[in-house]
$ cat my_file-v4.cif   # mmCIF, C-alpha atoms and all ligand atoms
data_model
loop_
_atom_site.label_atom_id
_atom_site.label_comp_id
_atom_site.auth_asym_id
_atom_site.auth_seq_id
_atom_site.Cartn_x
_atom_site.Cartn_y
_atom_site.Cartn_z
CA MET Q 225 100.41 120.54 117.80
CA SER Q 226 98.89 119.08 114.65
CA LEU Q 227 102.24 118.40 112.99
CA ASN Q 228 102.90 114.75 113.75
CA TYR Q 229 105.37 112.49 112.02
CA ARG Q 230 105.62 110.05 114.90
CA ASP Q 231 104.20 107.14 112.90
CA ARG Q 232 107.03 107.53 110.45
CA PHE Q 233 109.64 106.62 113.07
CA HIS Q 234 110.61 103.44 114.83
CA ILE Q 235 110.02 104.10 118.52
CA PRO Q 236 112.21 101.93 120.80
CA LYS Q 237 110.40 99.77 123.34
CA GLY Q 238 110.73 100.12 127.09
CA PRO Q 239 111.21 97.22 129.57
CA ASP Q 240 107.45 96.45 129.53
CA GLY Q 241 107.42 96.11 125.73
CA SER Q 242 105.48 99.30 125.01
CA ASP Q 243 106.83 102.39 123.21
CA CYS Q 244 109.20 104.28 125.39
CA ALA Q 245 109.09 108.04 125.86
CA TYR Q 246 112.20 108.85 123.85
CA LEU Q 247 113.44 112.33 124.75
CA CYS Q 248 117.02 111.95 123.56
CA GLY Q 249 116.99 113.45 120.06
CA HIS Q 250 119.67 115.91 121.22
CA SER Q 251 122.02 112.91 121.36
CA LEU Q 252 120.81 110.40 118.80
CA GLY Q 253 117.64 110.88 116.78
CA LEU Q 254 115.31 107.98 116.04
CA GLN Q 255 115.28 105.94 112.88
CA PRO Q 256 112.84 107.08 110.19
CA LYS Q 257 111.02 104.03 108.82
CA SER Q 258 111.88 105.20 105.30
CA VAL Q 259 115.63 104.81 105.93
CA ARG Q 260 115.56 101.12 105.07
CA ALA Q 261 114.12 101.71 101.58
CA TYR Q 262 116.60 104.50 100.84
CA ILE Q 263 119.53 102.26 101.84
CA GLU Q 264 118.08 99.21 100.11
CA GLN Q 265 117.92 101.11 96.85
CA GLU Q 266 121.68 101.63 97.01
CA LEU Q 267 122.32 98.05 98.15
CA SER Q 268 120.32 96.78 95.15
CA ASP Q 269 122.21 99.03 92.77
CA TRP Q 270 125.50 97.91 94.24
CA GLU Q 271 124.38 94.27 93.98
CA ALA Q 272 123.30 94.69 90.35
CA LEU Q 273 125.84 97.15 89.04
CA GLY Q 274 129.01 96.96 91.10
CA VAL Q 275 131.35 99.78 90.16
CA GLU Q 276 129.03 100.91 87.39
CA GLY Q 277 126.74 102.24 90.08
CA HIS Q 278 128.94 105.31 90.34
CA PHE Q 279 127.43 106.50 87.07
CA ARG Q 280 124.50 104.14 86.39
CA ALA Q 281 122.78 103.68 89.73
CA ARG Q 282 119.27 105.11 89.89
CA HIS Q 283 120.91 107.93 91.83
CA PRO Q 284 124.48 107.89 90.49
CA TRP Q 285 126.83 107.72 93.45
CA VAL Q 286 129.31 110.13 91.95
CA GLN Q 287 126.86 112.94 92.61
CA TYR Q 288 124.77 111.37 95.36
CA ASN Q 289 125.65 114.10 97.84
CA ARG Q 290 123.92 116.63 95.60
CA LEU Q 291 120.57 114.95 96.28
CA LEU Q 292 120.86 116.46 99.75
CA THR Q 293 121.99 119.94 98.79
CA GLU Q 294 118.70 121.77 98.38
CA GLN Q 295 117.14 120.39 101.58
CA THR Q 296 120.30 121.09 103.55
CA ALA Q 297 120.43 124.66 102.25
CA ARG Q 298 116.81 125.26 103.25
CA LEU Q 299 117.42 123.71 106.67
CA VAL Q 300 120.18 126.13 107.63
CA GLY Q 301 119.14 129.20 105.63
CA ALA Q 302 121.88 128.91 103.05
CA LYS Q 303 122.34 128.94 99.30
CA PRO Q 304 122.95 125.55 97.70
CA ILE Q 305 126.54 126.47 96.85
CA GLU Q 306 127.19 127.07 100.55
CA VAL Q 307 126.46 123.59 101.93
CA VAL Q 308 127.70 120.05 101.61
CA ALA Q 309 127.30 116.74 103.48
CA MET Q 310 130.78 115.39 104.13
CA ASN Q 311 133.04 113.68 106.67
CA SER Q 312 132.06 114.11 110.31
CA LEU Q 313 131.74 117.09 112.60
CA THR Q 314 135.12 117.42 114.28
CA VAL Q 315 136.87 116.54 111.03
CA ASN Q 316 134.94 119.29 109.29
CA LEU Q 317 135.84 121.78 112.01
CA HIS Q 318 139.49 120.95 111.40
CA LEU Q 319 139.17 121.23 107.63
CA LEU Q 320 137.41 124.57 107.94
CA MET Q 321 139.90 125.87 110.49
CA ALA Q 322 142.70 124.86 108.12
CA SER Q 323 141.24 127.52 105.83
CA PHE Q 324 139.86 130.06 108.28
CA TYR Q 325 142.26 129.98 111.20
CA ARG Q 326 145.35 131.72 109.90
CA PRO Q 327 147.11 133.13 112.94
CA THR Q 328 149.85 135.72 112.85
CA PRO Q 329 152.06 136.80 115.78
CA ALA Q 330 149.84 139.83 116.25
CA ARG Q 331 146.53 138.10 115.71
CA HIS Q 332 146.45 134.50 116.84
CA ARG Q 333 143.62 134.06 119.34
CA ILE Q 334 140.49 131.95 119.05
CA VAL Q 335 137.45 132.72 121.20
CA ILE Q 336 135.12 129.89 122.19
CA GLU Q 337 132.22 129.68 124.63
CA GLU Q 338 132.97 128.42 128.14
CA HIS Q 339 132.14 124.74 128.60
CA ALA Q 340 132.31 124.18 124.85
CA PHE Q 341 131.95 120.54 123.85
CA PRO Q 342 135.26 118.80 124.63
CA SER Q 343 135.90 117.78 121.02
CA ASP Q 344 135.75 121.47 120.01
CA GLN Q 345 138.17 122.37 122.78
CA TYR Q 346 140.57 119.65 121.69
CA ALA Q 347 140.23 120.71 118.07
CA VAL Q 348 140.93 124.40 118.64
CA LYS Q 349 143.80 123.71 121.03
CA SER Q 350 145.40 121.36 118.54
CA GLN Q 351 144.96 123.91 115.75
CA ILE Q 352 146.64 126.54 117.90
CA ARG Q 353 149.54 124.18 118.66
CA PHE Q 354 149.72 123.08 115.04
CA HIS Q 355 150.48 126.69 114.10
CA GLY Q 356 153.15 126.94 116.78
CA TYR Q 357 151.15 128.91 119.35
CA ASP Q 358 150.25 128.16 122.94
CA PRO Q 359 146.60 127.53 123.90
CA ALA Q 360 147.30 129.19 127.27
CA LYS Q 361 147.85 132.46 125.40
CA SER Q 362 145.87 131.94 122.22
CA LEU Q 363 142.57 130.57 123.48
CA ALA Q 364 139.99 132.78 125.20
CA THR Q 365 136.61 131.73 126.58
CA ILE Q 366 133.52 133.85 127.05
CA SER Q 367 130.22 133.18 128.77
CA GLY Q 368 128.00 134.72 126.11
CA GLU Q 369 127.34 137.55 123.70
CA ASP Q 370 127.93 140.42 126.19
CA GLU Q 371 131.29 139.10 127.27
CA LEU Q 372 132.26 138.41 123.67
CA GLU Q 373 131.52 141.99 122.66
CA GLU Q 374 133.47 143.34 125.64
CA LEU Q 375 136.44 141.11 124.87
CA LEU Q 376 136.45 142.06 121.20
CA ASP Q 377 136.13 145.78 122.06
CA ARG Q 378 139.08 145.50 124.40
CA GLU Q 379 141.36 143.00 122.72
CA GLY Q 380 139.81 142.28 119.32
CA GLU Q 381 143.03 143.01 117.48
CA SER Q 382 144.62 139.87 118.90
CA VAL Q 383 141.66 137.66 117.95
CA THR Q 384 141.31 136.08 114.53
CA LEU Q 385 138.52 133.53 114.96
CA VAL Q 386 135.32 133.32 117.01
CA LEU Q 387 134.14 129.70 117.07
CA MET Q 388 131.02 129.04 119.11
CA GLY Q 389 128.39 126.39 119.48
CA GLY Q 390 125.03 127.43 118.08
CA ILE Q 391 123.50 125.84 121.17
CA ASN Q 392 125.70 124.78 124.06
CA TYR Q 393 125.51 121.00 124.47
CA PHE Q 394 125.45 121.17 128.29
CA SER Q 395 123.21 124.08 129.16
CA GLY Q 396 121.02 124.04 126.06
CA ARG Q 397 121.56 127.79 125.72
CA ALA Q 398 121.18 129.13 122.18
CA PHE Q 399 123.50 131.96 121.23
CA ASP Q 400 122.44 134.87 119.06
CA LEU Q 401 124.44 133.88 116.01
CA ALA Q 402 123.62 137.04 114.07
CA ARG Q 403 124.92 139.16 116.94
CA VAL Q 404 128.01 137.01 117.44
CA THR Q 405 128.79 137.22 113.72
CA ARG Q 406 128.33 141.00 113.69
CA ALA Q 407 130.61 141.41 116.68
CA ALA Q 408 133.25 139.12 115.17
CA HIS Q 409 133.22 140.91 111.83
CA ALA Q 410 133.29 144.36 113.44
CA ALA Q 411 136.54 143.29 115.13
CA GLY Q 412 137.95 141.92 111.86
CA CYS Q 413 137.53 138.25 112.90
CA ILE Q 414 136.09 135.22 111.20
CA ALA Q 415 132.82 133.84 112.63
CA GLY Q 416 132.47 130.05 112.65
CA PHE Q 417 129.93 127.83 114.43
CA ASP Q 418 129.50 124.28 115.63
CA LEU Q 419 125.83 123.65 114.95
CA ALA Q 420 125.64 120.10 116.34
CA HIS Q 421 122.77 121.04 118.64
CA ALA Q 422 121.27 123.71 116.42
CA ALA Q 423 120.83 122.09 112.98
CA GLY Q 424 117.33 120.70 112.65
CA ASN Q 425 116.47 122.24 116.01
CA ILE Q 426 116.24 126.02 115.65
CA THR Q 427 115.75 128.40 112.75
CA LEU Q 428 119.05 129.26 111.12
CA LYS Q 429 119.80 131.93 108.54
CA LEU Q 430 123.48 131.37 107.97
CA HIS Q 431 123.67 133.22 104.66
CA GLU Q 432 121.71 136.24 105.81
CA TRP Q 433 123.64 136.44 109.08
CA ASP Q 434 126.85 136.46 107.07
CA VAL Q 435 128.38 133.55 108.99
CA ASP Q 436 131.76 132.59 107.51
CA PHE Q 437 131.63 128.87 108.13
CA ALA Q 438 129.79 126.23 110.14
CA ALA Q 439 129.81 122.49 110.66
CA TRP Q 440 127.33 120.12 112.21
CA CYS Q 441 126.60 116.46 112.76
CA THR Q 442 123.44 114.80 111.53
CA TYR Q 443 122.86 112.09 114.11
CA LYS Q 444 121.04 114.28 116.66
CA TYR Q 445 117.93 116.19 115.63
CA LEU Q 446 118.58 115.27 112.01
CA ASN Q 447 118.12 111.53 112.59
CA GLY Q 448 120.87 110.48 110.20
CA GLY Q 449 121.84 107.44 112.31
CA PRO Q 450 124.73 106.66 114.67
CA GLY Q 451 127.97 108.22 113.46
CA SER Q 452 126.20 109.57 110.37
CA ILE Q 453 127.90 111.84 107.89
CA GLY Q 454 128.48 115.46 108.94
CA ALA Q 455 127.83 118.65 107.01
CA GLY Q 456 129.36 122.03 106.46
CA PHE Q 457 128.58 125.58 105.40
CA VAL Q 458 130.94 128.08 103.79
CA HIS Q 459 129.55 131.48 102.94
CA GLU Q 460 129.20 132.21 99.24
CA ARG Q 461 131.65 135.07 99.50
CA HIS Q 462 134.42 132.51 100.10
CA ALA Q 463 133.19 130.21 97.31
CA ARG Q 464 135.88 131.15 94.82
CA GLU Q 465 138.58 132.51 97.11
CA GLU Q 466 141.61 130.85 95.59
CA THR Q 467 144.05 132.20 98.14
CA LEU Q 468 142.43 130.30 101.01
CA PRO Q 469 144.73 127.53 102.20
CA ARG Q 470 142.99 124.19 102.51
CA LEU Q 471 143.58 120.52 103.07
CA THR Q 472 142.55 118.96 99.81
CA GLY Q 473 141.56 115.62 98.37
CA TRP Q 474 140.23 114.52 95.01
CA TRP Q 475 136.55 114.85 95.96
CA GLY Q 476 136.94 118.59 96.43
CA HIS Q 477 138.22 118.88 92.87
CA GLU Q 478 135.71 120.29 90.38
CA LEU Q 479 133.50 117.47 89.18
CA GLU Q 480 133.82 118.22 85.46
CA THR Q 481 137.55 117.43 85.41
CA ARG Q 482 137.93 115.31 88.56
CA PHE Q 483 138.33 112.05 86.70
CA ARG Q 484 141.02 113.30 84.34
CA MET Q 485 143.21 112.55 87.34
CA GLY Q 486 145.47 115.55 86.74
CA PRO Q 487 148.20 116.47 89.22
CA ASP Q 488 146.82 119.92 90.10
CA PHE Q 489 143.88 120.60 92.34
CA HIS Q 490 141.08 122.85 91.10
CA ALA Q 491 138.51 123.36 93.82
CA THR Q 492 134.80 122.94 93.19
CA PRO Q 493 133.40 126.40 93.94
CA GLY Q 494 131.63 126.61 97.27
CA ALA Q 495 131.37 124.25 100.21
CA GLU Q 496 131.82 121.17 98.02
CA GLY Q 497 135.41 122.27 97.51
CA TRP Q 498 136.11 121.23 101.12
CA GLN Q 499 135.25 117.60 100.45
CA VAL Q 500 138.27 115.35 100.68
CA SER Q 501 137.28 111.73 100.09
CA ASN Q 502 134.43 110.14 98.18
CA PRO Q 503 131.52 110.03 100.63
CA PRO Q 504 129.84 106.93 102.13
CA VAL Q 505 126.75 106.56 99.96
CA LEU Q 506 124.91 104.30 102.42
CA ALA Q 507 125.29 106.98 105.09
CA LEU Q 508 124.16 109.66 102.66
CA ALA Q 509 121.12 107.53 101.77
CA ALA Q 510 120.12 107.23 105.44
CA LEU Q 511 120.50 110.96 105.91
CA ARG Q 512 118.56 111.70 102.74
CA ALA Q 513 115.55 109.78 104.08
CA SER Q 514 115.49 112.06 107.09
CA MET Q 515 116.31 115.27 105.24
CA ASP Q 516 113.44 114.64 102.82
CA MET Q 517 111.13 114.43 105.82
CA PHE Q 518 112.51 117.62 107.32
CA ASP Q 519 111.97 119.34 104.03
CA GLU Q 520 108.40 118.11 103.83
CA ALA Q 521 107.62 119.24 107.38
CA GLY Q 522 109.50 122.54 107.03
CA MET Q 523 111.77 123.99 109.68
CA GLU Q 524 109.36 126.81 110.48
CA ARG Q 525 106.52 124.47 111.40
CA LEU Q 526 108.85 122.16 113.27
CA ARG Q 527 110.28 125.01 115.27
CA ALA Q 528 106.80 126.28 116.14
CA LYS Q 529 105.86 122.84 117.46
CA SER Q 530 109.17 122.54 119.26
CA VAL Q 531 108.66 125.85 121.09
CA GLU Q 532 105.25 124.63 122.16
CA LEU Q 533 106.48 121.21 123.35
CA THR Q 534 109.49 122.53 125.25
CA GLY Q 535 107.32 125.26 126.77
CA TYR Q 536 104.95 122.55 127.94
CA LEU Q 537 107.83 120.56 129.43
CA GLN Q 538 108.98 123.66 131.30
CA SER Q 539 105.50 124.44 132.61
CA ARG Q 540 105.03 120.86 133.82
CA LEU Q 541 108.37 120.95 135.61
CA ASP Q 542 107.55 124.32 137.13
CA ARG Q 543 104.69 122.70 139.02
CA ASP Q 544 107.26 120.62 140.91
CA ALA Q 545 109.71 123.46 141.38
CA ASP Q 546 109.93 122.71 145.11
CA ARG Q 547 111.59 119.32 144.50
CA GLY Q 548 115.18 120.59 144.60
CA PHE Q 549 115.97 120.55 140.87
CA ALA Q 550 116.63 123.57 138.68
CA ILE Q 551 116.26 124.14 134.94
CA VAL Q 552 119.58 125.60 133.80
CA THR Q 553 118.49 126.27 130.22
CA PRO Q 554 117.24 129.83 129.55
CA ARG Q 555 113.50 130.27 129.94
CA ASP Q 556 113.25 132.49 126.87
CA PRO Q 557 112.35 130.25 123.87
CA GLU Q 558 114.52 132.49 121.66
CA ARG Q 559 117.54 131.53 123.71
CA ARG Q 560 117.09 127.78 123.59
CA GLY Q 561 116.08 124.93 121.28
CA ALA Q 562 114.20 121.76 122.17
CA GLN Q 563 116.46 120.72 125.04
CA LEU Q 564 116.05 121.51 128.72
CA SER Q 565 118.98 120.77 131.00
CA ILE Q 566 117.92 120.05 134.54
CA ARG Q 567 120.30 120.16 137.50
CA VAL Q 568 119.19 117.47 139.93
CA PRO Q 569 120.09 116.89 143.55
CA GLY Q 570 122.46 113.92 143.70
CA SER Q 571 123.47 111.80 140.76
CA ALA Q 572 121.92 112.56 137.38
CA HIS Q 573 123.12 109.16 136.20
CA SER Q 574 120.99 107.39 138.83
CA VAL Q 575 117.93 109.47 137.98
CA CYS Q 576 118.45 108.69 134.32
CA GLU Q 577 118.75 104.98 135.04
CA ARG Q 578 115.52 104.98 137.07
CA LEU Q 579 113.80 106.73 134.19
CA ARG Q 580 115.15 104.16 131.74
CA GLN Q 581 113.68 101.37 133.84
CA ALA Q 582 110.34 103.14 133.56
CA GLY Q 583 110.64 103.35 129.76
CA VAL Q 584 111.70 107.00 129.63
CA ILE Q 585 114.90 107.77 127.72
CA CYS Q 586 116.92 110.93 128.24
CA ASP Q 587 120.61 111.36 129.12
CA TRP Q 588 122.85 113.01 131.68
CA ARG Q 589 126.11 114.91 131.82
CA GLU Q 590 128.43 114.68 134.81
CA PRO Q 591 127.87 115.29 137.58
CA ASP Q 592 124.30 116.36 138.01
CA VAL Q 593 122.63 117.49 134.80
CA LEU Q 594 119.87 115.63 133.02
CA ARG Q 595 119.26 116.56 129.39
CA VAL Q 596 115.74 116.15 128.01
CA ALA Q 597 114.62 117.14 124.53
CA PRO Q 598 111.19 116.71 122.97
CA ALA Q 599 111.87 116.41 119.22
CA PRO Q 600 108.95 117.89 117.29
CA LEU Q 601 108.99 115.21 114.58
CA TYR Q 602 108.20 112.33 116.90
CA ASN Q 603 107.57 113.48 120.47
CA THR Q 604 104.19 114.28 121.95
CA ALA Q 605 102.77 115.94 125.05
CA GLU Q 606 102.14 112.42 126.42
CA ASP Q 607 105.89 111.70 126.27
CA ILE Q 608 106.45 114.81 128.35
CA ASP Q 609 103.78 113.82 130.86
CA ARG Q 610 105.39 110.41 131.23
CA PHE Q 611 108.80 111.97 131.69
CA VAL Q 612 107.66 114.42 134.38
CA ASP Q 613 105.64 111.83 136.30
CA HIS Q 614 108.55 109.40 136.41
CA PHE Q 615 111.16 112.12 136.92
CA VAL Q 616 109.50 113.31 140.11
CA THR Q 617 109.35 109.72 141.31
CA ALA Q 618 112.94 109.07 140.27
CA LEU Q 619 114.05 112.04 142.35
CA ASP Q 620 112.51 110.25 145.32
CA GLY Q 621 114.43 107.11 144.44
CA SER Q 622 111.27 105.03 144.10
CA ASN Q 623 110.00 103.32 140.96
CA SER Q 624 106.25 103.94 140.84
CA PRO Q 625 105.21 107.28 139.40
CA ARG Q 626 103.51 109.87 141.55
CA MET Q 627 100.68 110.83 139.21
CA ARG Q 628 99.84 114.49 139.28
CA SER Q 629 97.27 116.67 137.67
CA ARG Q 630 98.48 118.01 134.38
C1 LIG B 701 128.66 120.26 120.21
C2 LIG B 701 129.37 119.07 119.68
N1 LIG B 701 130.53 119.22 119.01
C3 LIG B 701 131.21 118.18 118.53
C4 LIG B 701 130.76 116.89 118.70
C5 LIG B 701 131.58 115.75 118.19
O1 LIG B 701 131.01 115.22 117.04
P1 LIG B 701 131.75 114.14 116.11
O2 LIG B 701 132.02 112.95 116.94
O3 LIG B 701 130.71 113.84 115.07
O4 LIG B 701 132.96 114.76 115.56
C6 LIG B 701 129.54 116.67 119.38
C7 LIG B 701 129.03 115.30 119.57
O5 LIG B 701 128.05 115.04 120.22
C8 LIG B 701 128.84 117.79 119.89
O6 LIG B 701 127.70 117.64 120.57
#
$ encode --input "my_file-v4.cif" --output "structure tokens" --more "lines below"
Ligand SMILES: Cc1ncc(COP(=O)(O)O)c(C=O)c1O
Amino acid sequence: MSLNYRDRFHIPKGPDGSDCAYLCGHSLGLQPKSVRAYIEQELSDWEALGVEGHFRARHPWVQYNRLLTEQTARLVGAKPIEVVAMNSLTVNLHLLMASFYRPTPARHRIVIEEHAFPSDQYAVKSQIRFHGYDPAKSLATISGEDELEELLDREGESVTLVLMGGINYFSGRAFDLARVTRAAHAAGCIAGFDLAHAAGNITLKLHEWDVDFAAWCTYKYLNGGPGSIGAGFVHERHAREETLPRLTGWWGHELETRFRMGPDFHATPGAEGWQVSNPPVLALAALRASMDMFDEAGMERLRAKSVELTGYLQSRLDRDADRGFAIVTPRDPERRGAQLSIRVPGSAHSVCERLRQAGVICDWREPDVLRVAPAPLYNTAEDIDRFVDHFVTALDGSNSPRMRSR
């Protein structure tokens, strides 16, 4: 585990004033120390240049998003033309569904994974209703790849879109996106993904897998900051598809002629054509600080360390397997990312709160699941040891850790 960027992050302090064991990168990643300088550069340019900063800032704002393109493409296994940082996750899902969910009376169904993140469920149901269909008839859920293939074999002709999480937010299960995409395409459907829990966590090859579209947030593993700007992927083969309907705004207009302010929209080829408004440069600057670090570390090395850390977490928990909790995340590293979801006896909220008092930060989902994720950029084996020691104690309801051999 030689890869260690921990010193390049601000680590929050626990109640005793020392660094806490922060295992919550699946929810909100930590702040890279470099973020301040990246944002301050833009604040200085704004201070000195005002509106002129759009073209004369050190990194002209009009094209600031392009400073993130190459890193983002490498992160998700895409070509530069296929990615863009824009809007936020659910908004991007809507914008992409506006183009890629085109139901007809014969073919109107969307397939999602069971227990999909609520925002995704709300988004797909509202899209279905928006087109005049009924979610009770037009939304199908599947438990995983096998069930998806069976459903598409049986009823694929009524399905038009498969929209799944790359990793389920609750269970931490990673789906085989290449297989899902193949199955969707074989049935004549579009394959789209919500990569909130996958981007910056597992190895992605969106271009090679032939994924149609994807969207993700950048505040989890990508450490872009609370509510940070989202990102999207549209496969190159849709880059110049002029017949695709879309919800447009001036920032999706080709850059060369955008400021002629003409009445007709001409899309920038590729994912950038789905931009709507001019992006928040301060948010892009914060994200850029983190993306530059990801690029330096490399997803392959990060993933290797992540597999090791999460494997260690699992093996440490296994030693206390008789304590009445159960890991609900798959044991196969290929089928999960950094996160382990642990079903606990009683209230996960209470366990989480006891851990917080001991300087260990993770989170819970109702009613009884604790989510714990060692992020390879800043977590260490010691963080995991601290978590397990205090977790076992927290299960007992007491506050002093029961130290165990490691
Ligand atoms: C899987 C998943 N989808 C969607 C969202 C919603 O993201 P946003 O609020 O950025 O739209 C989240 C947020 O945590 C998520 O985990």
$ residues_near_ligand --input "my_file-v4.cif" --ligand "ligand LIG 701 (chain B)" --cutoff "6 Å" --atoms "all atoms listed in the file" --output "list in words"
Ser312, Leu313, Thr314, Phe341, Ser343, Asp344, Tyr393, Ala420 and Cys441 of chain Q
$ write_last_selection --input "my_file-v4.cif" --atoms "C-alpha atoms" --output "short mmCIF file (atom, residue, chain, number, x, y, z; two decimals), in the frame of the given file"
data_model
loop_
_atom_site.label_atom_id
_atom_site.label_comp_id
_atom_site.auth_asym_id
_atom_site.auth_seq_id
_atom_site.Cartn_x
_atom_site.Cartn_y
_atom_site.Cartn_z
CA SER Q 312 132.06 114.11 110.31
CA LEU Q 313 131.74 117.09 112.60
CA THR Q 314 135.12 117.42 114.28
CA PHE Q 341 131.95 120.54 123.85
CA SER Q 343 135.90 117.78 121.02
CA ASP Q 344 135.75 121.47 120.01
CA TYR Q 393 125.51 121.00 124.47
CA ALA Q 420 125.64 120.10 116.34
CA CYS Q 441 126.60 116.46 112.76
#
$ residues_around --input "my_file-v4.cif" --residues "Gln538 in chain Q" --least-positions-apart "4" --cutoff "8 Å" --atoms "all atoms listed in the file" --output "number ranges by chain"
Q: 534, 542, 564
$ atom_distance --input "my_file-v4.cif" --atom1 "CA of Leu468 in chain Q" --atom2 "CA of Ser323 in chain Q"
5.7 Å
$ residues_around --input "my_file-v4.cif" --residues "Glu371 in chain Q" --least-positions-apart "6" --cutoff "10 Å" --atoms "only C-alpha atoms" --output "list of chain:residue names"
Q:Glu337, Q:Thr365, Q:Asp377
$ closest_residue --input "my_file-v4.cif" --among "Q:Gly277, Q:Gly476, Q:Asp544, Q:Pro304" --to "Leu292 in chain Q" --atoms "all atoms listed in the file"
Q:Pro304
$ closest_residue --input "my_file-v4.cif" --among "Q:Phe233, Q:Pro503, Q:Glu524, Q:Val300" --to "Tyr246 in chain Q" --atoms "all atoms listed in the file"
Q:Phe233
$ closest_atom_pairs --input "my_file-v4.cif" --of "range 295-384 of chain Q" --to "range 434-440 of chain Q" --cutoff "10 Å" --atoms "all atoms listed in the file" --output "tab-separated table"
residue	atom	partner	partner_atom	distance
Q:Val300	CA	Q:Ala438	CA	9.9
Q:Ala302	CA	Q:Asp434	CA	9.9
Q:Glu306	CA	Q:Phe437	CA	9.0
Q:Val307	CA	Q:Ala438	CA	9.2
Q:Val308	CA	Q:Ala439	CA	9.6
Q:Ala309	CA	Q:Trp440	CA	9.4
Q:Met310	CA	Q:Ala439	CA	9.7
Q:Ser312	CA	Q:Trp440	CA	7.9
Q:Leu313	CA	Q:Trp440	CA	5.4
Q:Thr314	CA	Q:Ala439	CA	8.2
Q:Val315	CA	Q:Ala439	CA	9.2
Q:Asn316	CA	Q:Ala439	CA	6.2
Q:Leu317	CA	Q:Ala439	CA	6.2
Q:His318	CA	Q:Ala439	CA	9.8
Q:Leu319	CA	Q:Ala439	CA	9.9
Q:Leu320	CA	Q:Phe437	CA	7.2
Q:Met321	CA	Q:Phe437	CA	9.1
Q:Ser323	CA	Q:Phe437	CA	10.0
Q:Phe324	CA	Q:Phe437	CA	8.3
